[in-house]
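Asker: This structure is in structure tokens; I'll ask about it shortly.
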Amino acid sequence: MSEKTIEQIIKALEDQKAVICDADGKRAAKQHEKGKLSARERLDLLLDPQSFVEFDAFVKHRCDNFGMDKVEIPADGVVTGYGAIEGRPVFVFSQDFTVTGGSLGEAHALKIVKMQDMALKMGVPVIGINDSGGARIQEGVDSLRGYGMIFFRNTRASGVIPQISVILGPCAGGAVYSPAITDFVFMVDKVSNMYITGPQVIKAVMGEDVGLEELGGAQAHNAVSGNGHFIYPSEEDCFAGVRKLITLLPANNLEDPPVAETDNEPAGPDMAMRDIVPVNPKMPYDVKDIIARVVDNGDFLEVHQLYALNIVVGLGRIAGQTVGIVANQPQVLAGCLDINSSDKAARFIRFCDAFNIPLVTFVDCPGYLPGKQQEHGGIIRHGAKILFAYSEATVPKITVTLRKSYGGAHIAMCNKDLGSDLMLAWPQSEIAVMGASGAVNVIFRKQIEAAEDKNKRRQELIEEYETMFSNPYEAAKRGYVDAVIPPEDTRGRIVSALAILKTKREQSPAKKHGNIPL
């Protein structure tokens with residue numbers, strides 16, 4: 001046998017890599033026909049140019065069932081490695097639907113697991129791009145073990161490094177649980193699908209007719225189930241969103257979020273703030289108008305934009321520092337808390353606390369939503385989650401009461417007793433056990449019934465109650481509110497508070513973990 005030259009050896013290497021990397025673009029063309037990008041094109045969009053370093057490109061499966069020993073699966077259906085976003089390192093995997101439908105077998109799973117282990121060791125975020133038909137049936141229980149290993153590492157890494165899932169095709173059966181454990185799920189309209197059981201199984205077992213998009217599309221999960229956090233019209237927009245999120249987050253739980261240079265320092269009172277919130281408590285307004293004037297350059301990355309619209313959560317910067325914002329939305333259900341909004345807020349609060357992101361809460365909430373549906377749905381348990389999350393959080397917590405703050409919702413929206421470091425209130429705010437109308441009905445029921453003109457007497461008593469209690473000053477007298485401020489001073493006071501709270505240190509009692517009312 002003739003000895004090979006180094007050029008021939010390198011040529012053989014390049015030929016193998018060409019097949020694995022789809023150099024002729026034939027596999028990518030299949031994705032393009034469906035209006036989708038290939039696994040490697042997606043990594044090019046996500047990561048800084050020329051920053052991707054691939055691992056395990058030559059990995060092969062070892063399954064010989066059902067003729068699989070004759071089946072070639074380039075890179076075993078998943079591209080793995082590390083790269084950078086705005087110069088900051090991330091570990092990534094991208095499933096390749098063009099080979100065996102991106103199905104997950106033993107080798108495929110071990111490649112992902114290696115990335116998860118390395119990301120945890122290095123303390124950097126991990127981003128998974130999911131586009132897979134599910135378990136590789138030919139590999140049987142090895143596929144199931146693969147999912148189990150991934151879920152275990154998702155859970156161990158939770159709260160230690162940011163974990164982001166991008167759904168860009170099907171994500172079915174057991175595969176959906178990995179994204180569900182991660183911190184954020186990104187989806188593309190008319191491209192992404194997540195479901196435990198598909199339409200055919202549902203039809204066969206339950207007799208229900210449901211389309212794939214209605215069952216598990218991006219709109220369904222972002223607006224109805226709450227499993228999706230972000231929805232975009234295209235893959236390009238989606239990856240731009242992922243990149244933006246990464247720039248706001250620390251690499252791990254031992255770091256603070258990166259501070260950005262900003263020219264948006266407070267130049268003085270923002271008088272436009274006076275005109276946003278109507279003094280009339282029955283008039284709605286958009287709390288996002290408040291948020292836009294408080295965060296740097298009005299730049300706010302809203303999370304769960306289509307879900308539980310009565311509360312707004314998201315990330316922005318104030319004086320260059322990343323903050324998490326939680327705000328009641330008076331435009332929807334008058335800003336009441338309910339089951340879904342409590343879950344939404346609690347999960348976001350816990351994420352911010354895990355990654356050292358200060359919390360700014362804007363309050364305009366008349367209470368928890370009443371009704372049999374809410375009570376039977378477990379509003380007590382779900383409502384307790386937001387109480388638990390705020391109480392557990394040790395990051396700086398700043399609360400601004402804009403208007404209504406009644407009863408249990410006053411506590412739930414991070415009052416002093418739940419650990420708010422700074423309680424600010426606008427002068428038109430109403431901090432009380434309940435609204436004046438309801439309070440008068442309870443306290444003065446006999447007086448109203450005895451009056452000749454019941455409506456007139458009731459109105460007089462409501463006005464008297466509002467004068468006495470529907471204001472921020474009773475709470476301020478007792479130190480429950482630290483300062484009553486004009487609206488125009490809000491951003492300046494928050495900037496000041498974030499600066500003084502930067503060195504906050506608070507220790508929780510030693511324990512394995514709390515037992516949040518799930």
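Please note that chains go A, B, ... in the order of the structure tokens, that every chain numbers its residues from 1, and that ligands are numbered from 1 in the order shown.
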What lies within 8 Å of A:Val166 using only C-alpha atoms, ignoring chain neighbours under 5 positions off, as number ranges by chain?
Answerer: A: 127-130, 185-187
Asker: Store the residues picked out above in a file with C-alpha atoms, as an mmCIF file, in the first residue's frame.
Answerer:
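Written out: part_38.cif:
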```cif
data_model
loop_
_atom_site.group_PDB
_atom_site.id
_atom_site.type_symbol
_atom_site.label_atom_id
_atom_site.label_comp_id
_atom_site.auth_asym_id
_atom_site.auth_seq_id
_atom_site.Cartn_x
_atom_site.Cartn_y
_atom_site.Cartn_z
ATOM 1 C CA ILE A 127 -28.700 28.203 23.725
ATOM 2 C CA GLY A 128 -30.519 25.291 22.116
ATOM 3 C CA ILE A 129 -32.088 25.487 18.651
ATOM 4 C CA ASN A 130 -34.788 22.828 18.483
ATOM 5 C CA VAL A 185 -38.548 29.994 24.871
ATOM 6 C CA PHE A 186 -38.321 31.828 21.523
ATOM 7 C CA MET A 187 -40.717 30.935 18.688
#
```
Asker: Write out as a ChimeraX atom specification which residues come within 7 Å of A:Ala251 when counting only C-alpha atoms, dropping same-chain ones fewer than 5 positions away.
Answerer: /A:123-125,161
Asker: Store the residues picked out above in a file with C-alpha atoms, as a PDB file, in the first residue's frame.
Answerer:
```
ATOM      1  CA  GLY A 123     -20.353  29.459  33.722  1.00  0.00           C
ATOM      2  CA  VAL A 124     -21.717  30.718  30.398  1.00  0.00           C
ATOM      3  CA  PRO A 125     -25.204  30.643  28.836  1.00  0.00           C
ATOM      4  CA  ILE A 161     -26.450  29.832  33.916  1.00  0.00           C
TER       5      ILE A 161
END
```
Asker: Skipping near chain neighbours, those fewer than 2 positions away, what residues fall within 12 Å of A:Glu466 using only C-alpha atoms, listed as a PyMOL selection string?
Answerer: chain A and resi 281+428-440+459-464+468-474
Asker: Listing only residues of stretch 142-171 of chain A within 12 Å of stretch 84-101 of chain A, what is the closest atom pair and its distance in Å (to one decimal) for each, using only C-alpha atoms, sorted by chain and residue number ascending, as a Markdown table?
Answerer:
```
| residue | atom | partner | partner_atom | distance |
| --- | --- | --- | --- | --- |
| A:Ile161 | CA | A:Val90 | CA | 10.2 |
| A:Pro162 | CA | A:Val90 | CA | 9.8 |
| A:Gln163 | CA | A:Phe91 | CA | 9.8 |
| A:Ile164 | CA | A:Val92 | CA | 9.6 |
| A:Ser165 | CA | A:Phe93 | CA | 9.9 |
| A:Val166 | CA | A:Ser94 | CA | 9.2 |
| A:Ile167 | CA | A:Gln95 | CA | 10.1 |
| A:Leu168 | CA | A:Gln95 | CA | 9.4 |
| A:Gly169 | CA | A:Phe97 | CA | 8.2 |
| A:Pro170 | CA | A:Phe97 | CA | 9.1 |
| A:Cys171 | CA | A:Gln95 | CA | 10.6 |
```
Asker: Need the shell around A:Leu315: protein/DNA/RNA residues with any atom at most 9 Å away, counting only C-alpha atoms. Skip same-chain ones fewer than 5 positions apart. Format as a ChimeraX atom specification?
Answerer: /A:245,248,299-303,322-325
Asker: Please produce a file of those selected residues containing N, CA and C atoms, as a tab-separated table (two decimals), in the first residue's frame.
Answerer:
```tsv
chain	number	residue	atom	x	y	z
A	245	LEU	N	-31.41	39.72	24.17
A	245	LEU	CA	-31.59	39.19	25.52
A	245	LEU	C	-30.26	38.88	26.17
A	248	LEU	N	-28.35	41.61	27.85
A	248	LEU	CA	-28.90	42.14	29.10
A	248	LEU	C	-28.59	41.26	30.31
A	299	ASP	N	-36.13	51.71	25.66
A	299	ASP	CA	-35.84	50.37	25.13
A	299	ASP	C	-36.21	49.31	26.16
A	300	PHE	N	-37.31	48.61	25.91
A	300	PHE	CA	-37.86	47.63	26.87
A	300	PHE	C	-38.09	46.31	26.14
A	301	LEU	N	-37.47	45.24	26.62
A	301	LEU	CA	-37.65	43.91	26.04
A	301	LEU	C	-38.73	43.19	26.84
A	302	GLU	N	-39.95	43.22	26.31
A	302	GLU	CA	-41.08	42.62	27.05
A	302	GLU	C	-41.07	41.11	26.92
A	303	VAL	N	-41.30	40.44	28.02
A	303	VAL	CA	-41.38	38.98	28.08
A	303	VAL	C	-42.86	38.60	28.18
A	322	THR	N	-29.01	46.75	33.94
A	322	THR	CA	-30.16	45.89	33.63
A	322	THR	C	-31.09	45.81	34.83
A	323	VAL	N	-32.38	45.96	34.57
A	323	VAL	CA	-33.40	45.79	35.62
A	323	VAL	C	-34.53	44.93	35.07
A	324	GLY	N	-35.20	44.23	35.97
A	324	GLY	CA	-36.42	43.53	35.63
A	324	GLY	C	-37.61	44.39	36.06
A	325	ILE	N	-38.57	44.53	35.19
A	325	ILE	CA	-39.73	45.38	35.48
A	325	ILE	C	-40.99	44.53	35.54
```
Asker: Name the residues of stretch 271-491 of chain A that come out as strand (DSSP E or B) in a backbone DSSP run; write them as a VMD selection string.
Answerer: chain A and resid 300 to 303 311 to 318 321 to 328 337 359 to 365 368 397 to 406 422 to 425 430 to 432 483 to 484
Asker: Please produce an output containing N, CA and C atoms for each residue in the selection, written as a compact mmCIF listing (two decimals), in the first residue's frame.
Answerer:
```txt
# COMPACT_ATOMS: atom_id res chain seq x y z
N PHE A 300 -37.31 48.61 25.91
CA PHE A 300 -37.86 47.63 26.87
C PHE A 300 -38.09 46.31 26.14
N LEU A 301 -37.47 45.24 26.62
CA LEU A 301 -37.65 43.91 26.04
C LEU A 301 -38.73 43.19 26.84
N GLU A 302 -39.95 43.22 26.31
CA GLU A 302 -41.08 42.62 27.05
C GLU A 302 -41.07 41.11 26.92
N VAL A 303 -41.30 40.44 28.02
CA VAL A 303 -41.38 38.98 28.08
C VAL A 303 -42.86 38.60 28.18
N ILE A 311 -50.73 41.90 33.36
CA ILE A 311 -49.46 42.27 34.00
C ILE A 311 -48.38 42.31 32.93
N VAL A 312 -47.45 43.22 33.08
CA VAL A 312 -46.36 43.41 32.12
C VAL A 312 -45.05 43.08 32.82
N VAL A 313 -44.23 42.23 32.18
CA VAL A 313 -42.90 41.94 32.72
C VAL A 313 -41.89 42.04 31.59
N GLY A 314 -40.66 42.38 31.95
CA GLY A 314 -39.63 42.45 30.92
C GLY A 314 -38.35 43.07 31.45
N LEU A 315 -37.38 43.20 30.56
CA LEU A 315 -36.05 43.68 30.92
C LEU A 315 -35.74 44.98 30.19
N GLY A 316 -35.04 45.86 30.88
CA GLY A 316 -34.57 47.10 30.28
C GLY A 316 -33.35 47.56 31.04
N ARG A 317 -32.88 48.73 30.69
CA ARG A 317 -31.76 49.31 31.43
C ARG A 317 -32.18 50.65 32.01
N ILE A 318 -31.69 50.93 33.20
CA ILE A 318 -31.87 52.24 33.81
C ILE A 318 -30.49 52.72 34.23
N GLN A 321 -27.86 50.08 33.76
CA GLN A 321 -27.93 48.86 34.56
C GLN A 321 -29.18 48.05 34.19
N THR A 322 -29.01 46.75 33.94
CA THR A 322 -30.16 45.89 33.63
C THR A 322 -31.09 45.81 34.83
N VAL A 323 -32.38 45.96 34.57
CA VAL A 323 -33.40 45.79 35.62
C VAL A 323 -34.53 44.93 35.07
N GLY A 324 -35.20 44.23 35.97
CA GLY A 324 -36.42 43.53 35.63
C GLY A 324 -37.61 44.39 36.06
N ILE A 325 -38.57 44.53 35.19
CA ILE A 325 -39.73 45.38 35.48
C ILE A 325 -40.99 44.53 35.54
N VAL A 326 -41.76 44.74 36.59
CA VAL A 326 -43.07 44.09 36.77
C VAL A 326 -44.08 45.21 36.96
N ALA A 327 -45.16 45.20 36.18
CA ALA A 327 -46.12 46.31 36.25
C ALA A 327 -47.53 45.82 35.98
N ASN A 328 -48.47 46.23 36.81
CA ASN A 328 -49.88 45.98 36.53
C ASN A 328 -50.28 46.77 35.29
N LEU A 337 -54.85 41.04 39.58
CA LEU A 337 -54.06 39.82 39.52
C LEU A 337 -54.99 38.63 39.37
N LEU A 359 -35.17 44.47 40.74
CA LEU A 359 -36.57 44.47 40.35
C LEU A 359 -37.20 45.84 40.61
N VAL A 360 -37.86 46.37 39.59
CA VAL A 360 -38.63 47.61 39.73
C VAL A 360 -40.09 47.27 39.45
N THR A 361 -40.96 47.56 40.43
CA THR A 361 -42.37 47.18 40.34
C THR A 361 -43.24 48.44 40.29
N PHE A 362 -44.10 48.51 39.28
CA PHE A 362 -45.07 49.61 39.17
C PHE A 362 -46.45 49.06 39.52
N VAL A 363 -47.09 49.68 40.50
CA VAL A 363 -48.32 49.14 41.06
C VAL A 363 -49.53 50.00 40.72
N ASP A 364 -50.52 49.35 40.13
CA ASP A 364 -51.86 49.94 39.98
C ASP A 364 -52.82 48.76 39.93
N CYS A 365 -53.18 48.27 41.10
CA CYS A 365 -53.89 47.00 41.18
C CYS A 365 -55.02 47.07 42.21
N TYR A 368 -57.16 40.95 43.67
CA TYR A 368 -57.21 39.70 42.91
C TYR A 368 -58.56 39.60 42.20
N LYS A 397 -35.01 45.70 45.45
CA LYS A 397 -36.42 45.74 45.06
C LYS A 397 -36.97 47.15 45.30
N ILE A 398 -37.42 47.77 44.21
CA ILE A 398 -37.96 49.13 44.26
C ILE A 398 -39.41 49.07 43.80
N THR A 399 -40.30 49.65 44.58
CA THR A 399 -41.73 49.61 44.27
C THR A 399 -42.26 51.03 44.13
N VAL A 400 -42.98 51.27 43.05
CA VAL A 400 -43.58 52.59 42.81
C VAL A 400 -45.09 52.40 42.66
N THR A 401 -45.86 52.96 43.59
CA THR A 401 -47.32 52.89 43.50
C THR A 401 -47.82 54.06 42.68
N LEU A 402 -48.44 53.74 41.53
CA LEU A 402 -48.90 54.78 40.62
C LEU A 402 -50.30 55.25 40.96
N ARG A 403 -51.16 54.29 41.33
CA ARG A 403 -52.55 54.66 41.61
C ARG A 403 -53.13 53.70 42.64
N LYS A 404 -53.87 52.69 42.24
CA LYS A 404 -54.54 51.80 43.21
C LYS A 404 -53.57 50.76 43.77
N SER A 405 -53.71 50.50 45.06
CA SER A 405 -52.96 49.42 45.70
C SER A 405 -53.79 48.97 46.90
N TYR A 406 -54.63 47.97 46.65
CA TYR A 406 -55.64 47.57 47.63
C TYR A 406 -55.40 46.16 48.17
N LEU A 422 -37.22 50.10 48.72
CA LEU A 422 -37.66 51.48 48.60
C LEU A 422 -39.10 51.49 48.09
N MET A 423 -40.00 52.05 48.89
CA MET A 423 -41.40 52.19 48.51
C MET A 423 -41.67 53.64 48.16
N LEU A 424 -41.94 53.90 46.90
CA LEU A 424 -42.31 55.24 46.45
C LEU A 424 -43.79 55.25 46.07
N ALA A 425 -44.43 56.38 46.22
CA ALA A 425 -45.85 56.49 45.84
C ALA A 425 -46.09 57.85 45.20
N GLU A 430 -53.68 55.40 45.85
CA GLU A 430 -54.65 55.01 46.87
C GLU A 430 -54.18 53.70 47.49
N ILE A 431 -53.66 53.78 48.70
CA ILE A 431 -53.16 52.60 49.39
C ILE A 431 -54.10 52.31 50.55
N ALA A 432 -54.87 51.23 50.43
CA ALA A 432 -55.90 50.96 51.43
C ALA A 432 -56.24 49.47 51.43
N ALA A 483 -41.39 57.45 50.50
CA ALA A 483 -41.49 58.82 49.99
C ALA A 483 -42.68 58.93 49.06
N VAL A 484 -43.39 60.05 49.18
CA VAL A 484 -44.43 60.40 48.21
C VAL A 484 -43.80 61.41 47.26
```
Asker: Can you measure atom CA of A:Ala180 to atom CA of A:Arg350 for me? One decimal in Å is fine.
Answerer: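 Taking atom CA of A:Ala180 as the start and atom CA of A:Arg350 as the end point, the length is 15.2 Å.
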Asker: Do you have the atom CA of A:His304-atom CA of A:Val188 distance handy?
Answerer: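 Distance between the two atoms: 13.9 Å.
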Asker: When you look at stretch 494-507 of chain A with a cut-off of 9 Å (counting only C-alpha atoms), what residues show up, excluding the ones that are within fewer than 2 positions of it in the same chain? I need them as a PyMOL selection string.
Answerer: chain A and resi 265-266+294+318-319+321+358+360+394-398+421-422+489-492+509-510
Asker: Which residue is closest to A:Arg274? Choose from A:Asp183, A:Asp289, A:Asp189, A:Glu213 and count only C-alpha atoms.
Answerer: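 The shortest atom-to-atom distance to A:Arg274 comes from A:Asp289.
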Asker: Choose the residue, out of A:Asn356, A:Ser103, A:Thr197, A:Gln116, that has the smallest atom-to-atom separation from A:Tyr82; count only C-alpha atoms.
Answerer: A:Gln116
Asker: Would you mind listing what lies within 12 Å of stretch 22-29 of chain A as a list in words, with only C-alpha atoms counted and same-chain residues fewer than 3 positions away left out?
Answerer: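 The contact residues come out as Glu14, Asp15, Gln16, Lys17, Ala18, Val19, His32, Glu33, Lys34, Gly35, Lys36, Leu37, Ser38, Ala39, Arg40, Glu41, Arg42, Ala57, Ile73, Pro74, Ala75, Gly77, Val79, Asp96, Phe97, Thr98, Val99, Thr100 and Gly101 of chain A.
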Asker: For those residues, write N, CA and C atoms to a file as a PDB file, in the first residue's frame.
Answerer:
```pdb
ATOM      1  N   GLU A  14     -11.037  17.123   4.550  1.00  0.00           N
ATOM      2  CA  GLU A  14     -11.906  18.143   3.979  1.00  0.00           C
ATOM      3  C   GLU A  14     -13.120  17.521   3.296  1.00  0.00           C
ATOM      4  N   ASP A  15     -12.918  16.378   2.636  1.00  0.00           N
ATOM      5  CA  ASP A  15     -14.036  15.702   1.983  1.00  0.00           C
ATOM      6  C   ASP A  15     -15.068  15.252   3.007  1.00  0.00           C
ATOM      7  N   GLN A  16     -14.604  14.718   4.130  1.00  0.00           N
ATOM      8  CA  GLN A  16     -15.536  14.299   5.187  1.00  0.00           C
ATOM      9  C   GLN A  16     -16.286  15.498   5.754  1.00  0.00           C
ATOM     10  N   LYS A  17     -15.549  16.571   5.995  1.00  0.00           N
ATOM     11  CA  LYS A  17     -16.185  17.773   6.547  1.00  0.00           C
ATOM     12  C   LYS A  17     -17.204  18.363   5.573  1.00  0.00           C
ATOM     13  N   ALA A  18     -16.918  18.246   4.271  1.00  0.00           N
ATOM     14  CA  ALA A  18     -17.838  18.779   3.269  1.00  0.00           C
ATOM     15  C   ALA A  18     -19.186  18.067   3.329  1.00  0.00           C
ATOM     16  N   VAL A  19     -19.155  16.750   3.542  1.00  0.00           N
ATOM     17  CA  VAL A  19     -20.402  15.990   3.655  1.00  0.00           C
ATOM     18  C   VAL A  19     -21.132  16.379   4.929  1.00  0.00           C
ATOM     19  N   HIS A  32     -34.978  25.312   2.981  1.00  0.00           N
ATOM     20  CA  HIS A  32     -35.385  26.542   2.298  1.00  0.00           C
ATOM     21  C   HIS A  32     -36.745  26.374   1.620  1.00  0.00           C
ATOM     22  N   GLU A  33     -36.997  25.171   1.118  1.00  0.00           N
ATOM     23  CA  GLU A  33     -38.295  24.898   0.489  1.00  0.00           C
ATOM     24  C   GLU A  33     -39.451  25.053   1.471  1.00  0.00           C
ATOM     25  N   LYS A  34     -39.164  24.828   2.748  1.00  0.00           N
ATOM     26  CA  LYS A  34     -40.187  24.950   3.797  1.00  0.00           C
ATOM     27  C   LYS A  34     -40.191  26.347   4.426  1.00  0.00           C
ATOM     28  N   GLY A  35     -39.372  27.238   3.862  1.00  0.00           N
ATOM     29  CA  GLY A  35     -39.277  28.586   4.426  1.00  0.00           C
ATOM     30  C   GLY A  35     -38.461  28.634   5.700  1.00  0.00           C
ATOM     31  N   LYS A  36     -37.562  27.663   5.871  1.00  0.00           N
ATOM     32  CA  LYS A  36     -36.742  27.577   7.077  1.00  0.00           C
ATOM     33  C   LYS A  36     -35.260  27.633   6.708  1.00  0.00           C
ATOM     34  N   LEU A  37     -34.442  27.921   7.694  1.00  0.00           N
ATOM     35  CA  LEU A  37     -32.995  27.931   7.500  1.00  0.00           C
ATOM     36  C   LEU A  37     -32.399  26.607   7.956  1.00  0.00           C
ATOM     37  N   SER A  38     -31.182  26.336   7.526  1.00  0.00           N
ATOM     38  CA  SER A  38     -30.501  25.112   7.957  1.00  0.00           C
ATOM     39  C   SER A  38     -29.902  25.308   9.349  1.00  0.00           C
ATOM     40  N   ALA A  39     -29.480  24.201   9.941  1.00  0.00           N
ATOM     41  CA  ALA A  39     -28.921  24.250  11.299  1.00  0.00           C
ATOM     42  C   ALA A  39     -27.708  25.169  11.375  1.00  0.00           C
ATOM     43  N   ARG A  40     -26.863  25.123  10.360  1.00  0.00           N
ATOM     44  CA  ARG A  40     -25.636  25.930  10.382  1.00  0.00           C
ATOM     45  C   ARG A  40     -25.904  27.389  10.019  1.00  0.00           C
ATOM     46  N   GLU A  41     -26.853  27.618   9.118  1.00  0.00           N
ATOM     47  CA  GLU A  41     -27.235  28.999   8.800  1.00  0.00           C
ATOM     48  C   GLU A  41     -27.788  29.693  10.040  1.00  0.00           C
ATOM     49  N   ARG A  42     -28.493  28.950  10.843  1.00  0.00           N
ATOM     50  CA  ARG A  42     -29.052  29.529  12.077  1.00  0.00           C
ATOM     51  C   ARG A  42     -27.950  29.952  13.035  1.00  0.00           C
ATOM     52  N   ALA A  57     -18.138  16.921  15.361  1.00  0.00           N
ATOM     53  CA  ALA A  57     -18.714  16.871  14.017  1.00  0.00           C
ATOM     54  C   ALA A  57     -18.685  15.460  13.440  1.00  0.00           C
ATOM     55  N   ILE A  73     -25.776   9.432   9.196  1.00  0.00           N
ATOM     56  CA  ILE A  73     -26.443  10.617   9.746  1.00  0.00           C
ATOM     57  C   ILE A  73     -25.359  11.653  10.055  1.00  0.00           C
ATOM     58  N   PRO A  74     -25.086  12.569   9.138  1.00  0.00           N
ATOM     59  CA  PRO A  74     -24.024  13.555   9.368  1.00  0.00           C
ATOM     60  C   PRO A  74     -24.176  14.287  10.703  1.00  0.00           C
ATOM     61  N   ALA A  75     -23.080  14.273  11.486  1.00  0.00           N
ATOM     62  CA  ALA A  75     -23.036  14.928  12.805  1.00  0.00           C
ATOM     63  C   ALA A  75     -24.123  14.401  13.744  1.00  0.00           C
ATOM     64  N   GLY A  77     -27.175  14.476  13.386  1.00  0.00           N
ATOM     65  CA  GLY A  77     -28.392  15.283  13.382  1.00  0.00           C
ATOM     66  C   GLY A  77     -28.379  16.486  14.297  1.00  0.00           C
ATOM     67  N   VAL A  79     -25.713  19.989  15.426  1.00  0.00           N
ATOM     68  CA  VAL A  79     -24.451  20.736  15.375  1.00  0.00           C
ATOM     69  C   VAL A  79     -24.217  21.344  16.749  1.00  0.00           C
ATOM     70  N   ASP A  96     -30.537  19.396  13.296  1.00  0.00           N
ATOM     71  CA  ASP A  96     -30.578  19.407  11.834  1.00  0.00           C
ATOM     72  C   ASP A  96     -31.733  18.525  11.358  1.00  0.00           C
ATOM     73  N   PHE A  97     -32.833  19.160  10.967  1.00  0.00           N
ATOM     74  CA  PHE A  97     -34.027  18.419  10.559  1.00  0.00           C
ATOM     75  C   PHE A  97     -33.830  17.687   9.233  1.00  0.00           C
ATOM     76  N   THR A  98     -32.784  18.038   8.490  1.00  0.00           N
ATOM     77  CA  THR A  98     -32.608  17.452   7.148  1.00  0.00           C
ATOM     78  C   THR A  98     -32.047  16.042   7.187  1.00  0.00           C
ATOM     79  N   VAL A  99     -31.583  15.585   8.359  1.00  0.00           N
ATOM     80  CA  VAL A  99     -31.114  14.201   8.473  1.00  0.00           C
ATOM     81  C   VAL A  99     -31.919  13.490   9.551  1.00  0.00           C
ATOM     82  N   THR A 100     -32.640  12.474   9.126  1.00  0.00           N
ATOM     83  CA  THR A 100     -33.545  11.698   9.998  1.00  0.00           C
ATOM     84  C   THR A 100     -34.455  12.595  10.828  1.00  0.00           C
ATOM     85  N   GLY A 101     -34.882  13.691  10.229  1.00  0.00           N
ATOM     86  CA  GLY A 101     -35.821  14.584  10.900  1.00  0.00           C
ATOM     87  C   GLY A 101     -35.302  15.171  12.198  1.00  0.00           C
TER      88      GLY A 101
END
```
Asker: Stretch 198-286 of chain A: which residues are helix (DSSP H, G or I) by DSSP, as a PyMOL selection string?
Answerer: chain A and resi 199-206+212-216+218-225+235-248+271-275
Asker: For a quick check of understanding, using only C-alpha atoms, which of A:Phe348, A:Phe355, A:Tyr307, A:Tyr480 has the smallest distance to A:Ile411?
Answerer: A:Tyr480
Asker: Between atom CA of A:Ser342 and atom CA of A:Lys385, what is the distance in Å, rounded to a tenth?
Answerer: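 Atom-to-atom, atom CA of A:Ser342 and atom CA of A:Lys385 are spaced 6.6 Å apart.
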Asker: Please list as a ChimeraX atom specification every residue within 8 Å of A:Tyr285, counting only C-alpha atoms and excluding residues in the same chain fewer than 3 positions away.
Answerer: /A:276-278,329-331
Asker: Put those residues in a file: N, CA and C atoms, as a PDB file, in the first residue's frame.
Answerer:
```pdb
ATOM      1  N   ILE A 276     -49.758  60.924  32.010  1.00  0.00           N
ATOM      2  CA  ILE A 276     -49.986  59.538  31.572  1.00  0.00           C
ATOM      3  C   ILE A 276     -51.068  58.851  32.389  1.00  0.00           C
ATOM      4  N   VAL A 277     -50.997  58.991  33.712  1.00  0.00           N
ATOM      5  CA  VAL A 277     -51.939  58.290  34.591  1.00  0.00           C
ATOM      6  C   VAL A 277     -53.083  59.225  34.968  1.00  0.00           C
ATOM      7  N   PRO A 278     -54.313  58.921  34.538  1.00  0.00           N
ATOM      8  CA  PRO A 278     -55.449  59.769  34.914  1.00  0.00           C
ATOM      9  C   PRO A 278     -55.672  59.750  36.433  1.00  0.00           C
ATOM     10  N   GLN A 329     -51.191  46.191  34.499  1.00  0.00           N
ATOM     11  CA  GLN A 329     -51.654  46.835  33.266  1.00  0.00           C
ATOM     12  C   GLN A 329     -53.142  47.189  33.403  1.00  0.00           C
ATOM     13  N   PRO A 330     -53.457  48.453  33.740  1.00  0.00           N
ATOM     14  CA  PRO A 330     -54.863  48.853  33.941  1.00  0.00           C
ATOM     15  C   PRO A 330     -55.742  48.715  32.710  1.00  0.00           C
ATOM     16  N   GLN A 331     -55.145  48.591  31.537  1.00  0.00           N
ATOM     17  CA  GLN A 331     -55.933  48.438  30.315  1.00  0.00           C
ATOM     18  C   GLN A 331     -56.633  47.084  30.238  1.00  0.00           C
TER      19      GLN A 331
END
```
